[in-house]
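Participant: Structure supplied as model-v2.txt; contents: compact mmCIF, C-alpha atoms.
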# COMPACT_ATOMS: atom_id res chain seq x y z
CA MET F 3 9.61 -11.29 10.23
CA GLU F 4 6.68 -10.02 12.26
CA ARG F 5 5.80 -7.67 15.08
CA LYS F 6 2.75 -7.81 17.32
CA ILE F 7 0.71 -4.70 18.11
CA GLY F 8 -1.63 -6.00 20.80
CA GLU F 9 -3.66 -8.76 19.11
CA ARG F 10 -2.75 -7.46 15.65
CA VAL F 11 0.33 -8.23 13.61
CA ILE F 12 2.62 -6.57 11.08
CA LYS F 13 4.45 -9.04 8.84
CA LEU F 14 7.28 -8.42 6.43
CA VAL F 15 7.43 -10.69 3.37
CA LYS F 16 9.21 -10.82 0.01
CA GLY F 17 7.26 -11.27 -3.17
CA ASP F 18 5.08 -9.84 -5.89
CA ILE F 19 2.20 -8.04 -4.20
CA THR F 20 -0.06 -8.59 -7.22
CA ALA F 21 0.29 -12.37 -6.88
CA LEU F 22 -0.67 -12.61 -3.20
CA GLU F 23 -3.85 -14.22 -1.96
CA VAL F 24 -4.89 -11.45 0.42
CA GLU F 25 -8.07 -9.60 1.21
CA ALA F 26 -6.66 -6.39 -0.31
CA PHE F 27 -3.41 -4.83 -1.40
CA VAL F 28 -2.37 -1.23 -1.94
CA PHE F 29 -1.19 0.12 -5.29
CA ASP F 30 0.48 3.51 -5.75
CA ILE F 31 -1.44 4.92 -8.73
CA THR F 32 -0.97 8.12 -10.71
CA ALA F 33 -3.39 11.04 -10.36
CA ASP F 34 -5.15 10.12 -13.62
CA CYS F 35 -6.00 6.61 -12.31
CA LYS F 36 -4.47 4.84 -15.30
CA LEU F 37 -2.80 1.47 -14.75
CA GLY F 38 0.18 2.04 -17.09
CA SER F 39 3.36 -0.05 -16.73
CA GLY F 40 5.19 -1.91 -13.95
CA TYR F 41 2.79 -3.11 -11.26
CA GLY F 42 0.02 -1.20 -13.05
CA GLY F 43 0.60 -3.32 -16.12
CA ALA F 44 0.59 -6.49 -14.01
CA ILE F 45 -2.71 -5.43 -12.42
CA ALA F 46 -4.26 -4.70 -15.83
CA GLN F 47 -3.07 -8.02 -17.24
CA ARG F 48 -3.84 -10.24 -14.24
CA GLY F 49 -6.96 -8.47 -13.03
CA GLY F 50 -8.65 -7.99 -16.36
CA LYS F 51 -10.67 -4.99 -17.52
CA ALA F 52 -12.80 -4.70 -14.36
CA VAL F 53 -10.10 -2.86 -12.39
CA GLN F 54 -9.53 -0.11 -14.97
CA THR F 55 -13.29 0.17 -15.58
CA GLU F 56 -13.83 1.01 -11.89
CA LEU F 57 -10.88 3.42 -11.92
CA ASP F 58 -12.31 5.20 -14.96
CA LYS F 59 -15.37 6.02 -12.85
CA VAL F 60 -13.09 7.59 -10.22
CA GLY F 61 -11.39 9.79 -12.82
CA ARG F 62 -8.69 11.54 -10.78
CA LEU F 63 -7.19 10.97 -7.36
CA ALA F 64 -5.49 13.73 -5.38
CA THR F 65 -2.11 13.05 -3.79
CA GLY F 66 -2.61 11.25 -0.49
CA ASP F 67 -6.15 10.08 -1.26
CA ALA F 68 -7.19 6.43 -1.67
CA VAL F 69 -10.02 4.49 -3.31
CA LEU F 70 -11.03 0.81 -3.32
CA THR F 71 -11.75 -1.26 -6.43
CA THR F 72 -12.15 -4.91 -7.22
CA ALA F 73 -8.98 -6.90 -7.89
CA GLY F 74 -10.74 -8.51 -10.84
CA GLU F 75 -9.37 -11.94 -11.63
CA MET F 76 -6.40 -11.76 -9.23
CA LYS F 77 -6.11 -13.79 -6.02
CA ALA F 78 -6.72 -10.68 -3.92
CA LYS F 79 -10.31 -9.54 -3.48
CA HIS F 80 -9.70 -5.78 -3.58
CA ILE F 81 -7.13 -3.16 -4.46
CA ILE F 82 -6.81 0.09 -2.55
CA HIS F 83 -5.31 2.61 -4.95
CA THR F 84 -3.52 5.56 -3.40
CA ASN F 85 -1.76 8.46 -5.07
CA GLY F 86 1.53 8.63 -3.19
CA PRO F 87 4.20 11.33 -3.09
CA LYS F 88 6.89 12.05 -5.62
CA TYR F 89 10.34 12.70 -4.16
CA HIS F 90 11.74 16.23 -4.31
CA GLU F 91 8.27 17.77 -4.22
CA PRO F 92 7.36 19.75 -1.10
CA GLY F 93 5.98 17.76 1.83
CA THR F 94 7.09 14.29 0.75
CA GLU F 95 6.93 12.83 4.27
CA GLU F 96 3.50 14.32 5.03
CA LYS F 97 2.13 13.14 1.67
CA LEU F 98 3.47 9.63 2.30
CA ARG F 99 1.88 9.57 5.75
CA LYS F 100 -1.44 10.78 4.29
CA ALA F 101 -1.38 8.15 1.51
CA THR F 102 -0.74 5.43 4.09
CA GLU F 103 -3.42 6.75 6.46
CA SER F 104 -5.93 7.04 3.61
CA SER F 105 -5.29 3.43 2.58
CA LEU F 106 -5.73 2.24 6.18
CA ARG F 107 -8.90 4.31 6.56
CA VAL F 108 -10.44 2.81 3.40
CA ALA F 109 -9.58 -0.69 4.70
CA LYS F 110 -11.25 0.12 8.02
CA GLU F 111 -14.34 1.64 6.35
CA LYS F 112 -14.75 -1.53 4.26
CA GLY F 113 -14.26 -3.76 7.31
CA LEU F 114 -11.16 -5.44 5.89
CA THR F 115 -9.09 -7.61 8.24
CA GLN F 116 -5.99 -8.07 6.06
CA LEU F 117 -4.04 -5.57 3.97
CA ALA F 118 -0.78 -5.82 2.01
CA LEU F 119 1.28 -2.67 1.50
CA PRO F 120 4.21 -2.02 -0.85
CA PRO F 121 6.81 0.66 -0.13
CA ILE F 122 4.82 3.60 -1.58
CA GLY F 123 6.59 5.99 -3.95
CA THR F 124 9.98 4.26 -3.92
CA GLY F 125 9.95 3.10 -7.54
CA MET F 126 9.97 5.65 -10.32
CA TYR F 127 8.98 8.41 -7.87
CA GLN F 128 12.26 7.89 -5.96
CA VAL F 129 11.07 8.36 -2.38
CA PRO F 130 14.04 7.07 -0.32
CA LEU F 131 13.38 3.58 1.04
CA ASP F 132 14.61 4.49 4.54
CA LEU F 133 12.18 7.41 4.76
CA CYS F 134 9.36 5.32 3.32
CA ALA F 135 9.94 2.44 5.75
CA LYS F 136 10.09 4.73 8.79
CA VAL F 137 6.95 6.71 7.91
CA MET F 138 4.84 3.79 6.75
CA ILE F 139 5.67 1.43 9.62
CA GLU F 140 5.15 4.19 12.18
CA THR F 141 1.77 5.05 10.61
CA VAL F 142 0.63 1.42 10.48
CA LYS F 143 1.66 0.82 14.10
CA GLN F 144 -0.35 3.86 15.24
CA HIS F 145 -3.36 2.67 13.24
CA LEU F 146 -3.21 -0.88 14.62
CA ALA F 147 -2.93 0.43 18.18
CA GLY F 148 -6.28 2.19 17.71
CA GLU F 149 -9.74 1.06 16.71
CA THR F 150 -9.64 -0.82 13.40
CA SER F 151 -10.99 -3.90 11.65
CA LEU F 152 -7.48 -4.81 10.45
CA LYS F 153 -5.88 -7.81 12.15
CA GLU F 154 -2.91 -8.30 9.81
CA VAL F 155 -0.86 -5.87 7.73
CA LEU F 156 1.76 -7.27 5.39
CA PHE F 157 4.61 -5.12 4.13
CA VAL F 158 5.58 -6.67 0.80
CA ALA F 159 9.11 -6.13 -0.49
CA LEU F 160 9.88 -7.15 -4.05
CA ASP F 161 13.58 -7.75 -3.33
CA ALA F 162 16.39 -7.41 -0.77
CA ARG F 163 16.82 -3.71 -1.63
CA GLU F 164 13.26 -3.03 -0.42
CA TYR F 165 13.29 -5.63 2.36
CA ALA F 166 16.35 -4.36 4.30
CA PRO F 167 15.04 -0.86 5.20
CA LEU F 168 11.57 -2.23 6.06
CA GLU F 169 13.17 -4.86 8.29
CA ALA F 170 15.38 -2.26 10.00
CA ALA F 171 12.42 0.06 10.64
CA LEU F 172 10.29 -2.79 11.98
CA LYS F 173 13.09 -3.95 14.29
CA GLN F 174 13.67 -0.40 15.54
CA GLY F 175 10.02 -0.04 16.23
CA ALA F 176 9.95 3.01 13.90
Written as C-alpha cells, how would this file's structure read?

Facilitator:
Amino acid sequence: MERKIGERVIKLVKGDITALEVEAFVFDITADCKLGSGYGGAIAQRGGKAVQTELDKVGRLATGDAVLTTAGEMKAKHIIHTNGPKYHEPGTEEKLRKATESSLRVAKEKGLTQLALPPIGTGMYQVPLDLCAKVMIETVKQHLAGETSLKEVLFVALDAREYAPLEAALKQGA
C-alpha cells in the first residue's frame, strides 16, 4: 500500500527492517545506546562490530533524540537510532512525535532520499499500535509536505498485528 504526498511517497510493507536494502532505517534504541536483544541483537549480528563501536562514541541518547551510524555489513547503508517513548510514562504521544521528527531531521541533514521506519515503542515498551500509527504517519506526512531530501518513506511492519493499524492510519490520512 502507498500514499503520495506531492512527488513523495509513503509505502507500507511487511518484513524484517534489518534485512531491507534501503538507504537507512530507524531503530528504537535504549538511552544507553546498547544493541541488546530483539532487533538490537539482529543489528549487532548482521551489522558487525562497527555499529556498536559508533554507538559507544555517542554514549547516551535522550528520549526523542536521534543519531546516525553506519549499518555495518547489512544491506542498508545507515541506521538512525532514536530513543522512543515508553508507554505509561508522561507525554508518550509528544515523545513519539519528537522521536519521529528527530529521525526525519537526521535523514534530511544527511541528504537521505529513502528511510524505513518501524512502529516505534510498540514492542517491549508497549506503546499502543493505534496511537503509534496515527502519530507517526501524521508526522511523516507533515515532513514530506515540507522541504526535505526524502523522496520515499517506508513503514515496515513485522506482521499483520503491526500492519493493520498502520494501514488504517494511512488510509484515513491520519

Participant: Quick one: everything within 9 Å of F:Asp30, counting all atoms listed in the file, minus sequence neighbours fewer than 4 positions away in the same chain. Send it as an MDAnalysis selection string.

Facilitator: chainID F and resid 41:42 82:86 101 120:123

Participant: Can you work out the spacing between atom CA of F:Lys51 and atom CA of F:Val24 in Å, to one decimal?

Facilitator: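 These atoms are spaced 19.9 Å apart.
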
Participant: Measure the distance from atom CA of F:Asp34 to atom CA of F:Ala73 in Å and round it to one decimal.

Facilitator: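 So the two atoms, atom CA of F:Asp34 and atom CA of F:Ala73, lie 18.4 Å apart.
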
Participant: Env of F:Cys134: 9 Å cut, atoms = all atoms listed in the file, seq-sep filter 2 positions within chain, self excluded. Answer as a ChimeraX atom specification.

Facilitator: /F:95,98-99,121-124,129-132,136-139,167-168

Participant: Could you tell me how far atom CA of F:Val60 lies from atom CA of F:Ala159, in Å and to one decimal?

Facilitator: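 Interatomic distance, atom CA of F:Val60 to atom CA of F:Ala159: 27.9 Å.
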
Participant: Using only C-alpha atoms, can you tell me which of F:Gln128, F:Ser104, F:Gln116, F:Gln54 comes closest to F:Ile12?

Facilitator: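 Smallest distance to F:Ile12 is found for F:Gln116.
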
Participant: Go through F:Val69, F:Lys16, F:Ile7, F:Glu56 and flag the residue nearest F:Leu156, using all atoms listed in the file for the distances.

Facilitator: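 Between F:Val69, F:Lys16, F:Ile7, F:Glu56, the residue approaching F:Leu156 most closely is F:Lys16.
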
Participant: Which residue out of F:Glu164, F:Glu9, F:Glu25, F:Asp18 has the minimum interatomic distance to F:Ala135 when all atoms listed in the file are used?

Facilitator: F:Glu164

Participant: For each of F:Val15, F:Val142, F:Leu70, F:Leu57, take the minimum atom-to-atom distance to F:Cys35, counting only C-alpha atoms, then give the residue where this is smallest.

Facilitator: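 When distances to F:Cys35 are compared using only C-alpha atoms, the smallest one comes from F:Leu57.
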
Participant: May I ask which of the residues F:Met76, F:Leu117, F:Leu37, F:Ala26 is the closest one to F:Leu152, counting all atoms listed in the file?

Facilitator: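 Checking each candidate against F:Leu152, we get F:Leu117 as the closest.
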
Participant: For F:Ile45, which residue among F:Glu103, F:Glu23, F:Glu169, F:Glu75 is the nearest when counting only C-alpha atoms?

Facilitator: F:Glu75

Participant: The residues within 10 Å of (-7.9, -8.9, -12.8), using only C-alpha atoms and the coordinates of the file, should be reported as a list in words; which are they?

Facilitator: Thr20, Ala44, Ile45, Ala46, Gln47, Arg48, Gly49, Gly50, Lys51, Ala52, Val53, Gln54, Thr72, Ala73, Gly74, Glu75, Met76, Lys77, Ala78, Lys79 and His80 of chain F

Participant: Step by step, gather every atom of stretch 22-28 of chain F that the file lists, find the box along x, y and z that holds them, add 4 Å on each side, and finally give centre and edge lengths in Å to one decimal, as JSON.

Facilitator:
{"center_x": -4.4, "center_y": -7.7, "center_z": -1.0, "size_x": 15.4, "size_y": 21.0, "size_z": 12.4}
